[in-house]
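So this one's upload_23.cif, mmCIF, C-alpha atoms:
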data_upload
#
loop_
_atom_site.label_atom_id
_atom_site.label_comp_id
_atom_site.auth_asym_id
_atom_site.auth_seq_id
_atom_site.Cartn_x
_atom_site.Cartn_y
_atom_site.Cartn_z
CA MET A 1408 143.93 118.39 72.20
CA GLY A 1409 142.30 121.74 71.44
CA GLU A 1410 141.74 124.27 74.20
CA ASP A 1411 137.99 124.36 73.51
CA ARG A 1412 137.67 120.60 73.86
CA ARG A 1413 139.67 120.59 77.09
CA LEU A 1414 137.49 123.34 78.50
CA ARG A 1415 134.39 121.34 77.60
CA THR A 1416 135.77 118.24 79.33
CA VAL A 1417 136.56 120.23 82.48
CA VAL A 1418 133.01 121.61 82.51
CA ALA A 1419 131.58 118.12 81.93
CA LEU A 1420 133.61 116.68 84.81
CA ALA A 1421 132.52 119.46 87.19
CA GLN A 1422 128.87 119.12 86.15
CA GLY A 1423 128.98 115.34 86.54
CA MET A 1424 130.27 115.63 90.09
CA ALA A 1425 127.80 118.38 90.97
CA ALA A 1426 124.87 116.27 89.74
CA ALA A 1427 125.94 113.16 91.67
CA PRO A 1428 123.40 112.20 94.36
CA ALA A 1429 126.03 110.67 96.69
CA SER A 1430 129.79 110.60 97.21
CA ARG A 1431 130.15 107.24 95.46
CA ASP A 1432 128.52 108.67 92.33
CA ALA A 1433 130.71 111.76 92.57
CA TYR A 1434 133.87 109.65 92.67
CA ARG A 1435 132.74 107.72 89.61
CA ALA A 1436 131.90 110.95 87.76
CA ALA A 1437 135.37 112.31 88.60
CA ALA A 1438 137.17 109.23 87.28
CA LEU A 1439 135.07 109.04 84.11
CA GLY A 1440 135.49 112.74 83.45
CA ALA A 1441 139.27 112.56 83.88
CA ARG A 1442 139.53 109.47 81.67
CA ASP A 1443 137.63 111.20 78.87
CA ALA A 1444 139.44 114.51 79.31
CA LEU A 1445 142.87 112.85 78.99
CA ALA A 1446 141.84 110.37 76.29
CA GLY A 1447 142.71 107.47 78.56
CA SER A 1448 141.44 103.90 78.52
CA PHE A 1449 141.23 103.56 82.31
CA ALA A 1450 140.99 105.83 85.34
CA ALA A 1451 140.85 105.45 89.11
CA LEU A 1452 140.32 107.74 92.08
CA SER A 1453 141.97 106.80 95.36
CA VAL A 1454 142.11 108.27 98.86
CA TRP A 1455 145.04 108.30 101.28
CA GLU A 1456 144.07 106.72 104.60
CA ARG A 1457 146.68 108.04 106.97
CA GLY A 1458 145.46 105.96 109.90
CA ARG A 1459 145.94 102.74 107.94
CA GLY A 1460 149.03 103.93 106.10
CA CYS A 1461 147.66 103.03 102.69
CA LEU A 1462 146.18 104.26 99.45
CA ARG A 1463 142.62 102.93 99.08
CA VAL A 1464 140.99 102.78 95.66
CA LEU A 1465 137.48 104.24 95.63
CA VAL A 1466 136.54 103.57 92.01
CA ASN A 1467 137.96 102.02 88.81
CA VAL A 1468 136.41 102.94 85.46
CA GLY A 1469 137.06 102.10 81.83
CA ALA A 1470 138.95 99.04 80.58
CA ARG A 1471 139.41 97.25 83.89
CA ALA A 1472 141.71 94.27 84.39
CA GLU A 1473 140.40 91.01 85.81
CA ASP A 1474 141.52 91.91 89.33
CA GLU A 1475 139.90 95.36 89.27
CA GLU A 1476 136.34 96.00 90.45
CA GLU A 1477 134.43 99.20 89.71
CA PHE A 1478 133.85 99.86 93.43
CA PRO A 1479 136.40 97.66 95.24
CA GLU A 1480 135.71 96.79 98.84
CA ASP A 1481 139.32 96.88 99.97
CA GLU A 1482 141.82 97.47 97.16
CA THR A 1483 144.68 99.10 99.02
CA TYR A 1484 148.38 99.78 98.52
CA PRO A 1485 150.80 100.45 101.41
CA VAL A 1486 152.19 103.96 101.57
CA HIS A 1487 155.74 102.66 101.88
CA GLU A 1488 155.49 101.41 98.29
CA PHE A 1489 155.26 105.04 97.14
CA PRO A 1490 158.25 106.92 98.63
CA GLU A 1491 157.83 109.95 96.39
CA ILE A 1492 154.25 110.47 97.49
CA THR A 1493 155.09 110.13 101.17
CA GLU A 1494 157.35 113.14 100.75
CA PHE A 1495 154.36 115.44 100.40
CA LEU A 1496 151.69 113.39 102.18
CA HIS A 1497 151.88 115.35 105.44
CA GLU A 1498 152.69 118.77 103.99
CA ARG A 1499 150.24 121.65 103.69
CA TRP A 1500 149.71 123.96 100.72
CA ALA A 1501 148.21 127.42 100.84
CA GLY A 1502 145.28 127.90 98.51
CA GLY A 1503 145.02 124.17 97.86
CA VAL A 1504 147.80 124.27 95.26
CA GLY A 1505 149.82 121.10 95.67
CA PRO A 1506 152.39 119.08 93.73
CA SER A 1507 152.09 118.64 89.99
CA ALA A 1508 151.12 115.46 88.17
CA TRP A 1509 153.71 113.13 86.68
CA VAL A 1510 153.90 110.34 84.10
CA GLU A 1511 154.98 106.72 84.44
CA THR A 1512 155.54 104.33 81.53
CA ALA A 1513 155.62 100.55 81.26
CA GLY A 1514 159.23 100.91 80.09
CA GLY A 1515 160.24 102.49 83.40
CA PRO A 1516 162.39 105.59 84.01
CA GLU A 1517 165.81 106.09 82.57
CA GLY A 1518 168.72 107.27 84.68
CA ALA A 1519 166.66 107.24 87.85
CA SER A 1520 168.11 107.13 91.32
CA ALA A 1521 167.72 103.94 93.32
CA ALA A 1522 164.95 105.44 95.42
CA ARG A 1523 163.13 106.74 92.39
CA ALA A 1524 163.55 103.41 90.61
CA GLY A 1525 162.15 101.58 93.63
CA TYR A 1526 159.13 103.86 93.65
CA CYS A 1527 158.54 103.55 89.92
CA HIS A 1528 158.82 99.80 90.07
CA GLN A 1529 155.36 99.57 91.68
CA ARG A 1530 153.71 101.61 88.94
CA VAL A 1531 155.70 99.97 86.18
CA ALA A 1532 154.84 96.48 87.39
CA ALA A 1533 151.15 97.36 87.58
CA LEU A 1534 151.17 98.87 84.08
CA ARG A 1535 152.82 95.79 82.57
CA ARG A 1536 150.61 93.36 84.48
CA ARG A 1537 147.45 95.07 83.29
CA GLY A 1538 148.46 95.70 79.70
CA ARG A 1539 148.81 99.47 79.93
CA GLY A 1540 151.49 101.53 78.31
CA CYS A 1541 151.58 104.64 80.50
CA CYS A 1542 149.76 106.53 83.21
CA VAL A 1543 149.55 110.02 84.61
CA VAL A 1544 149.22 110.45 88.37
CA ALA A 1545 147.78 113.69 89.78
CA PRO A 1546 147.69 114.31 93.56
CA VAL A 1547 144.34 115.57 94.83
CA VAL A 1548 144.75 118.30 97.47
CA LEU A 1549 141.79 119.10 99.72
CA HIS A 1550 141.77 121.73 102.47
CA GLY A 1551 145.50 122.23 101.96
CA ARG A 1552 146.46 118.59 102.45
CA ALA A 1553 146.99 115.59 100.20
CA TRP A 1554 143.63 113.80 100.01
CA GLY A 1555 144.41 111.14 97.43
CA GLU A 1556 145.23 110.77 93.76
CA LEU A 1557 143.69 110.76 90.33
CA TYR A 1558 145.14 108.09 88.03
CA VAL A 1559 144.56 107.85 84.27
CA ALA A 1560 146.17 105.22 82.01
CA ARG A 1561 146.41 104.47 78.30
CA ARG A 1562 146.71 101.16 76.50
CA VAL A 1563 149.98 99.79 75.15
CA GLY A 1564 150.65 101.43 71.78
CA ALA A 1565 148.78 104.65 72.58
CA ALA A 1566 150.63 107.97 72.72
CA VAL A 1567 152.54 108.49 75.95
CA PHE A 1568 151.32 111.33 78.14
CA ASP A 1569 153.41 114.48 77.66
CA ARG A 1570 154.11 117.62 79.66
CA GLU A 1571 150.95 119.29 78.41
CA ASP A 1572 148.95 116.29 79.64
CA THR A 1573 150.53 116.43 83.10
CA ASP A 1574 149.71 120.14 83.40
CA PHE A 1575 146.13 119.39 82.37
CA ALA A 1576 145.92 116.47 84.82
CA THR A 1577 146.99 118.83 87.61
CA VAL A 1578 144.12 121.15 86.66
CA LEU A 1579 141.68 118.23 86.60
CA ALA A 1580 142.81 117.15 90.06
CA SER A 1581 141.97 120.64 91.34
CA VAL A 1582 138.51 120.43 89.79
CA VAL A 1583 138.03 117.01 91.38
CA ALA A 1584 139.10 118.39 94.77
CA ALA A 1585 136.52 121.19 94.47
CA GLY A 1586 133.86 118.63 93.57
CA ILE A 1587 134.77 116.44 96.54
CA ALA A 1588 134.59 119.44 98.88
CA GLN A 1589 131.13 120.27 97.54
CA THR A 1590 130.02 116.65 97.95
CA GLU A 1591 131.24 116.62 101.56
CA ARG A 1592 129.32 119.83 102.31
CA LEU A 1593 126.13 118.44 100.78
CA GLU A 1594 126.45 115.17 102.67
CA GLU A 1595 126.99 117.06 105.91
CA ALA A 1596 123.87 119.14 105.16
CA ARG A 1597 121.90 115.95 104.49
CA ARG A 1598 123.21 114.41 107.69
CA LEU A 1599 122.14 117.45 109.71
CA ALA A 1600 118.74 117.52 108.01
CA PHE A 1601 118.01 113.93 109.03
CA THR A 1602 119.76 113.79 112.42
CA ASP A 1603 118.64 114.80 115.90
CA ALA A 1604 121.26 117.24 117.15
CA LEU A 1605 121.18 116.18 120.82
CA THR A 1606 121.22 112.37 120.58
CA GLY A 1607 122.76 111.83 117.16
CA LEU A 1608 119.86 109.53 116.26
CA ALA A 1609 117.73 109.91 113.15
CA ASN A 1610 115.02 112.56 113.38
CA ARG A 1611 111.31 112.57 112.47
CA ARG A 1612 111.99 113.57 108.87
CA ALA A 1613 114.24 110.54 108.42
CA VAL A 1614 111.56 108.25 109.90
CA ASP A 1615 108.90 109.65 107.56
CA MET A 1616 111.03 108.98 104.50
CA ARG A 1617 112.18 105.53 105.61
CA LEU A 1618 108.66 104.47 106.59
CA ASP A 1619 107.24 105.46 103.20
CA GLU A 1620 109.93 103.37 101.51
CA ALA A 1621 109.32 100.48 103.91
CA LEU A 1622 105.58 100.42 103.24
CA ASP A 1623 106.27 100.42 99.50
CA ARG A 1624 108.35 97.27 100.06
CA HIS A 1625 105.60 95.80 102.22
CA ARG A 1626 103.03 96.30 99.47
CA ALA A 1627 105.33 95.07 96.70
CA GLU A 1628 107.19 92.24 98.43
CA GLY A 1629 105.33 91.54 101.66
CA ALA A 1630 108.26 92.74 103.80
CA VAL A 1631 107.39 92.94 107.49
CA VAL A 1632 107.34 96.52 108.77
CA SER A 1633 107.31 97.16 112.52
CA LEU A 1634 107.20 100.38 114.49
CA VAL A 1635 108.12 100.73 118.14
CA VAL A 1636 107.01 104.06 119.64
CA CYS A 1637 108.06 104.97 123.15
CA ASP A 1638 107.72 107.82 125.63
CA LEU A 1639 110.55 108.39 128.09
CA ASN A 1640 108.88 108.66 131.49
CA GLY A 1641 109.95 111.23 134.06
CA LEU A 1642 111.72 113.70 131.76
CA LYS A 1643 109.65 116.66 132.94
CA ARG A 1644 110.35 115.82 136.59
CA VAL A 1645 114.09 115.62 135.88
CA ASN A 1646 114.02 118.95 134.00
CA ASP A 1647 112.04 120.66 136.77
CA THR A 1648 114.05 119.33 139.73
CA ARG A 1649 117.56 118.89 138.36
CA GLY A 1650 117.72 121.19 135.36
CA HIS A 1651 117.60 120.81 131.59
CA ALA A 1652 121.27 119.86 131.34
CA VAL A 1653 120.53 116.75 133.40
CA GLY A 1654 117.38 116.17 131.34
CA ASP A 1655 119.45 116.31 128.19
CA ARG A 1656 121.82 113.75 129.68
CA LEU A 1657 118.85 111.44 130.29
CA LEU A 1658 117.76 111.85 126.67
CA GLU A 1659 121.28 111.08 125.45
CA ARG A 1660 121.58 107.99 127.65
CA PHE A 1661 118.22 106.66 126.56
CA GLY A 1662 119.20 107.34 122.96
CA SER A 1663 122.22 105.09 123.47
CA VAL A 1664 120.00 102.36 124.95
CA LEU A 1665 117.58 102.70 122.03
CA SER A 1666 120.42 102.43 119.52
CA LEU A 1667 121.80 99.36 121.30
CA CYS A 1668 118.43 97.59 121.27
CA GLY A 1669 117.83 98.60 117.67
CA ALA A 1670 121.10 96.89 116.77
CA MET A 1671 119.43 93.60 117.75
CA LEU A 1672 117.38 93.99 114.55
CA PRO A 1673 119.54 94.33 111.39
CA GLY A 1674 118.88 97.49 109.40
CA THR A 1675 116.65 99.07 112.07
CA LEU A 1676 116.41 102.86 112.27
CA ALA A 1677 116.59 104.37 115.78
CA ALA A 1678 115.13 107.86 115.99
CA ARG A 1679 114.04 110.65 118.29
CA LEU A 1680 110.71 112.02 117.13
CA GLY A 1681 110.94 115.07 119.39
CA GLY A 1682 110.75 115.90 123.09
CA ASP A 1683 110.54 112.64 125.04
CA GLU A 1684 109.29 110.57 122.05
CA PHE A 1685 111.49 107.98 120.37
CA CYS A 1686 110.95 105.13 117.95
CA LEU A 1687 112.47 102.10 116.23
CA LEU A 1688 111.56 101.33 112.63
CA ALA A 1689 112.35 97.75 111.61
CA VAL A 1690 111.96 96.35 108.09
CA GLY A 1691 112.30 92.62 107.59
CA PRO A 1692 112.65 91.02 111.05
CA PRO A 1693 109.59 89.03 112.26
CA GLY A 1694 107.25 90.73 114.69
CA ASP A 1695 108.31 88.44 117.56
CA GLU A 1696 111.94 89.60 117.22
CA VAL A 1697 110.83 93.22 117.29
CA VAL A 1698 108.79 92.61 120.45
CA ARG A 1699 111.82 90.95 122.11
CA ALA A 1700 113.95 93.99 121.25
CA ALA A 1701 111.25 96.30 122.63
CA ASP A 1702 111.08 94.21 125.81
CA GLU A 1703 114.85 94.54 126.20
CA LEU A 1704 114.47 98.29 125.65
CA CYS A 1705 111.94 98.52 128.48
CA ARG A 1706 114.19 96.52 130.79
CA ARG A 1707 117.28 98.61 130.10
CA ALA A 1708 115.36 101.90 130.32
CA ALA A 1709 114.11 100.93 133.78
CA GLU A 1710 117.72 100.51 134.91
CA LEU A 1711 118.76 104.05 133.96
CA GLU A 1712 119.78 106.14 136.94
CA LEU A 1713 117.56 109.02 135.84
CA GLY A 1714 113.93 108.92 134.71
CA ASP A 1715 111.16 106.40 135.34
CA GLY A 1716 111.55 103.89 132.55
CA VAL A 1717 109.67 104.02 129.26
CA ALA A 1718 106.15 103.45 127.93
CA CYS A 1719 106.48 101.36 124.80
CA GLY A 1720 103.99 100.42 122.07
CA VAL A 1721 104.56 98.13 119.08
CA ALA A 1722 102.67 97.82 115.80
CA SER A 1723 103.79 95.31 113.17
CA THR A 1724 102.39 94.16 109.84
CA ASP A 1725 103.33 90.67 111.07
CA ASP A 1726 100.44 90.85 113.57
CA PRO A 1727 96.65 90.83 112.91
CA ILE A 1728 96.20 94.59 112.71
CA GLY A 1729 94.49 94.69 109.32
CA PRO A 1730 95.84 96.21 106.12
CA VAL A 1731 98.36 99.01 106.53
CA ARG A 1732 97.97 101.35 103.58
CA SER A 1733 99.63 104.41 105.06
CA ALA A 1734 102.31 105.49 107.48
CA ARG A 1735 99.66 107.29 109.49
CA ARG A 1736 97.80 104.05 110.26
CA LEU A 1737 100.91 102.24 111.52
CA PHE A 1738 101.86 105.26 113.64
CA ARG A 1739 98.31 105.46 115.01
CA LEU A 1740 98.37 101.81 116.08
CA ALA A 1741 101.86 102.02 117.63
CA ASP A 1742 101.03 105.25 119.42
CA ALA A 1743 97.73 103.83 120.72
CA ALA A 1744 99.66 100.87 122.11
CA GLN A 1745 102.18 103.20 123.72
CA TYR A 1746 99.34 105.31 125.15
CA ARG A 1747 97.87 102.14 126.63
CA ALA A 1748 101.24 101.11 128.11
CA LYS A 1749 101.54 104.51 129.77
CA ALA A 1750 98.03 104.28 131.23
CA LEU A 1751 98.75 100.79 132.59
CA ARG A 1752 102.23 101.78 133.82
CA ALA A 1753 103.37 98.67 131.98
CA GLY A 1754 106.95 97.57 132.42
CA LYS A 1755 106.90 95.77 129.08
CA PRO A 1756 105.77 96.72 125.56
CA VAL A 1757 102.09 96.72 124.63
CA VAL A 1758 101.62 95.12 121.22
CA ALA A 1759 98.83 96.13 118.86
CA GLY A 1760 96.64 93.24 117.73
CA ARG A 1761 97.90 90.56 120.14
CA GLU A 1762 95.71 88.54 122.49
CA GLY A 1763 96.77 86.22 125.31
CA ALA A 1764 97.62 86.11 128.95
CA ASP A 1765 101.09 87.51 128.43
CA ASP A 1766 100.40 89.97 125.60
CA PRO A 1767 98.19 92.99 126.33
CA VAL A 1768 95.65 93.63 123.57
CA VAL A 1769 95.19 96.87 121.70
CA ARG A 1770 92.28 96.93 119.25
CA LEU A 1771 91.21 99.87 117.14
CA ALA A 1772 88.46 100.44 119.70
CA ASP A 1773 91.17 101.02 122.30
CA ALA A 1774 92.68 103.87 120.33
CA PRO A 1775 92.08 107.24 121.98
CA PRO A 1776 89.89 109.76 120.17
CA PRO A 1777 91.71 112.35 118.05
CA GLY A 1778 92.77 114.34 121.08
CA ALA A 1779 95.90 115.12 123.03
CA ALA A 1780 97.68 111.81 122.48
CA GLU A 1781 97.07 111.73 118.74
CA ARG A 1782 97.98 115.38 118.28
CA ARG A 1783 101.22 114.66 120.11
CA ALA A 1784 101.85 111.61 117.94
CA PHE A 1785 101.32 113.35 114.62
CA ARG A 1786 102.54 116.84 115.33
CA GLY A 1787 104.87 117.81 112.50
CA ARG A 1788 104.71 114.41 110.79
CA ARG A 1789 104.12 114.29 107.06
CA VAL A 1790 101.08 112.17 106.22
CA PRO A 1791 101.32 110.40 102.84
#
Show me, as structure tokens, the structure contained in the file I just sent.
Amino acid sequence: MGEDRRLRTVVALAQGMAAAPASRDAYRAAALGARDALAGSFAALSVWERGRGCLRVLVNVGARAEDEEEFPEDETYPVHEFPEITEFLHERWAGGVGPSAWVETAGGPEGASAARAGYCHQRVAALRRRGRGCCVVAPVVLHGRAWGELYVARRVGAAVFDREDTDFATVLASVVAAGIAQTERLEEARRLAFTDALTGLANRRAVDMRLDEALDRHRAEGAVVSLVVCDLNGLKRVNDTRGHAVGDRLLERFGSVLSLCGAMLPGTLAARLGGDEFCLLAVGPPGDEVVRAADELCRRAAELELGDGVACGVASTDDPIGPVRSARRLFRLADAAQYRAKALRAGKPVVAGREGADDPVVRLADAPPPGAAERRAFRGRRVP
């Protein structure tokens, strides 16, 4: 293979990983790039899971066998089946330079020691079972430690990988490691951008984005979208009398309660909007289930050692609240219900659009004028 072509394939692999929107796409780009760069028929990227003592396959690309999925849920291989790899699994390498790649063939090694033969048997058996003639295995080293491996195979009858190929595979593994490191940094940045630092819940930005997507589903498919907005009562008193560290502990504890109650509704997003404001965004569950979860939230919040419970308002497209064409309208209804719950000192959620002896009613006429409550509700929120 010419040097120019190899350089182009390295650049293509790096660019593919850099353009990937998520780690899963980056792994696939790495495997595809390595397969093309080494003129293979199949490639896989795997990660070493030290806690489980196994090699877990992240992605398989190319000519897959019947038992190989592109993104397997749990394709793993015990570490003890790979004695040679365990030799360097717990070592550290300065500068990220680790062990070199090596080649295995369906014919097996010649003149190997018993240990080496036992190790090769796993690769050899897999090559024969899946109709492949040879493979090159390149350890991926990240942050000075073995992270996993890059595996590229060729069909039976194709040229066997040579020393030049193994050297090139080692280079490719380094490029893959750099791409994985970049992906991890980007995912951490995304996590921080959409996470409340104190509670670990989603933040307002995450709610805005998820709510826009949810309302698109509501308009296209009729999916039920429900919003629970709540104010944590007594936070200012706790801050003033016991200090902000204790107030932060109250916020963290309520965040745990909110997350627990949100788990009652599959796929629900639990978030801190800012200050003492929190919310649950549920997509799919019926409105009655959301109200039950909100009622449980009120009950558990009242049992917290600190604070004075929570004022909770619910707005759901499953209730007679009229058409919901924007995130702002659903927030306005949920916040009006929460404002009403606070005024009534209600120990249970107030639900927008419901009438009856047991369900307080919040109509549009009950919504406060665009004043303090609404400014608080929409401060910093993006309005579609």
Could you write out as lines of an AutoDock Vina configuration file the box around range 1670-1680 of chain A (axis-aligned, all atoms listed in the file, 8 Å on each side), with centre and edge lengths in Å to one decimal?
center_x = 115.9
center_y = 102.8
center_z = 113.8
size_x = 26.4
size_y = 34.4
size_z = 24.9
Around the point (116.8, 104.2, 136.0) (coordinates from the file), which residues reach within 12 Å if we count all atoms listed in the file? Answer as a PyMOL selection string. chain A and resi 1639-1642+1645+1657+1660-1661+1664+1705-1717
Exactly which residues make up the result of the PyMOL selection byres ((chain A and resi 1537) around 12) on this file, given as a PyMOL selection string? chain A and resi 1448-1449+1470-1475+1513+1530-1536+1538-1542+1560-1563
I would like the residues chosen by the PyMOL selection byres ((chain A and resi 1424) around 9) on the shown file; could you give them as an mmCIF file with C-alpha atoms, in the frame of the given file?
data_model
loop_
_atom_site.group_PDB
_atom_site.id
_atom_site.type_symbol
_atom_site.label_atom_id
_atom_site.label_comp_id
_atom_site.auth_asym_id
_atom_site.auth_seq_id
_atom_site.Cartn_x
_atom_site.Cartn_y
_atom_site.Cartn_z
ATOM 1 C CA ALA A 1419 131.580 118.120 81.930
ATOM 2 C CA LEU A 1420 133.610 116.680 84.810
ATOM 3 C CA ALA A 1421 132.520 119.460 87.190
ATOM 4 C CA GLN A 1422 128.870 119.120 86.150
ATOM 5 C CA GLY A 1423 128.980 115.340 86.540
ATOM 6 C CA ALA A 1425 127.800 118.380 90.970
ATOM 7 C CA ALA A 1426 124.870 116.270 89.740
ATOM 8 C CA ALA A 1427 125.940 113.160 91.670
ATOM 9 C CA PRO A 1428 123.400 112.200 94.360
ATOM 10 C CA SER A 1430 129.790 110.600 97.210
ATOM 11 C CA ASP A 1432 128.520 108.670 92.330
ATOM 12 C CA ALA A 1433 130.710 111.760 92.570
ATOM 13 C CA TYR A 1434 133.870 109.650 92.670
ATOM 14 C CA ARG A 1435 132.740 107.720 89.610
ATOM 15 C CA ALA A 1436 131.900 110.950 87.760
ATOM 16 C CA ALA A 1437 135.370 112.310 88.600
ATOM 17 C CA GLY A 1440 135.490 112.740 83.450
ATOM 18 C CA VAL A 1583 138.030 117.010 91.380
ATOM 19 C CA GLY A 1586 133.860 118.630 93.570
ATOM 20 C CA ILE A 1587 134.770 116.440 96.540
ATOM 21 C CA GLN A 1589 131.130 120.270 97.540
ATOM 22 C CA THR A 1590 130.020 116.650 97.950
#
Could I get the residues of range 1612-1702 of chain A with an atom no further than 9 Å from an atom of range 1741-1752 of chain A, each paired with its nearest atom pair and that distance in Å to one decimal, using only C-alpha atoms, sorted by chain and residue number, as JSON lines?
{"residue": "A:Ser1633", "atom": "CA", "partner": "A:Ala1741", "partner_atom": "CA", "distance": 8.9}
{"residue": "A:Leu1634", "atom": "CA", "partner": "A:Ala1741", "partner_atom": "CA", "distance": 6.4}
{"residue": "A:Val1635", "atom": "CA", "partner": "A:Ala1741", "partner_atom": "CA", "distance": 6.4}
{"residue": "A:Val1636", "atom": "CA", "partner": "A:Ala1741", "partner_atom": "CA", "distance": 5.9}
{"residue": "A:Cys1637", "atom": "CA", "partner": "A:Gln1745", "partner_atom": "CA", "distance": 6.2}
{"residue": "A:Asp1638", "atom": "CA", "partner": "A:Gln1745", "partner_atom": "CA", "distance": 7.5}
{"residue": "A:Asn1640", "atom": "CA", "partner": "A:Lys1749", "partner_atom": "CA", "distance": 8.6}
Go ahead and save the residues from that selection, with C-alpha atoms, as a short mmCIF file (atom, residue, chain, number, x, y, z; two decimals), keeping the file's coordinate frame.
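Written output follows (selection29.cif):
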data_model
loop_
_atom_site.label_atom_id
_atom_site.label_comp_id
_atom_site.auth_asym_id
_atom_site.auth_seq_id
_atom_site.Cartn_x
_atom_site.Cartn_y
_atom_site.Cartn_z
CA SER A 1633 107.31 97.16 112.52
CA LEU A 1634 107.20 100.38 114.49
CA VAL A 1635 108.12 100.73 118.14
CA VAL A 1636 107.01 104.06 119.64
CA CYS A 1637 108.06 104.97 123.15
CA ASP A 1638 107.72 107.82 125.63
CA ASN A 1640 108.88 108.66 131.49
#
Around (139.0, 99.3, 98.9) in the file's frame, which residues reach within 9 Å when counting only C-alpha atoms? Return as a list of chain:residue names?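 Every residue inside that radius is included here: A:Ser1453, A:Leu1462, A:Arg1463, A:Val1464, A:Leu1465, A:Val1466, A:Phe1478, A:Pro1479, A:Glu1480, A:Asp1481, A:Glu1482, A:Thr1483.
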Residue among A:Leu1605, A:Leu1667, A:Ala1600, A:Ala1441 lying closest to Gly1682 in chain A, counting only C-alpha atoms: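 Of the candidates, the smallest distance to Gly1682 in chain A is held by A:Leu1605.
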Counting all atoms listed in the file, what is within 7 Å of range 1607-1620 of chain A, bar same-chain residues fewer than 3 positions away, as a VMD selection string? chain A and resid 1601 to 1604 1623 to 1624 1677 to 1680 1734 1789
Selected by the PyMOL selection byres ((chain A and resi 1568) around 9) in the shown coordinates: which residues, as a list of chain:residue names? A:Leu1445, A:Val1510, A:Glu1511, A:Thr1512, A:Cys1541, A:Cys1542, A:Val1543, A:Ala1560, A:Arg1561, A:Ala1566, A:Val1567, A:Asp1569, A:Arg1570, A:Glu1571, A:Asp1572, A:Thr1573
Let me make sure I understand: among A:Arg1412, A:Arg1598, A:Ala1429, A:Gly1629, which one has the smallest atom-to-atom distance to Pro1730 in chain A if we use only C-alpha atoms?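 Under the stated criterion, the closest residue is A:Gly1629.
Here CA of Gly1694 in chain A stands at a distance of 15.3 Å from CA of Ala1670 in chain A.
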Please report the interatomic distance between CA of Glu1703 in chain A and CA of Glu1628 in chain A in Å with one decimal. 28.9 Å
How many Å separate CA of Ala1596 in chain A from CA of Trp1455 in chain A?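 Those two atoms sit 24.1 Å apart.
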Show which residues sit within 12 Å of Asp1702 in chain A, as a list in words. Count all atoms listed in the file, and ignore same-chain residues fewer than 5 positions away. Val1635, Cys1637, Leu1665, Cys1668, Gly1669, Met1671, Asp1695, Glu1696, Val1697, Arg1707, Ala1708, Ala1709, Gly1716, Val1717, Ala1718, Cys1719, Gly1720, Val1721, Ala1753, Gly1754, Lys1755, Pro1756, Val1757, Val1758 and Asp1766 of chain A
Could you give me, as an MDAnalysis selection string, the residues within 12 Å of Asp1411 in chain A, counting only C-alpha atoms and dropping anything in the same chain fewer than 6 positions from it? chainID A and resid 1417:1418 1444
Just C-alpha atoms for this one: save the residues we selected as a PDB file, keeping the file's coordinate frame.
ATOM      1  CA  VAL A1417     136.560 120.230  82.480  1.00  0.00           C
ATOM      2  CA  VAL A1418     133.010 121.610  82.510  1.00  0.00           C
ATOM      3  CA  ALA A1444     139.440 114.510  79.310  1.00  0.00           C
TER       4      ALA A1444
END
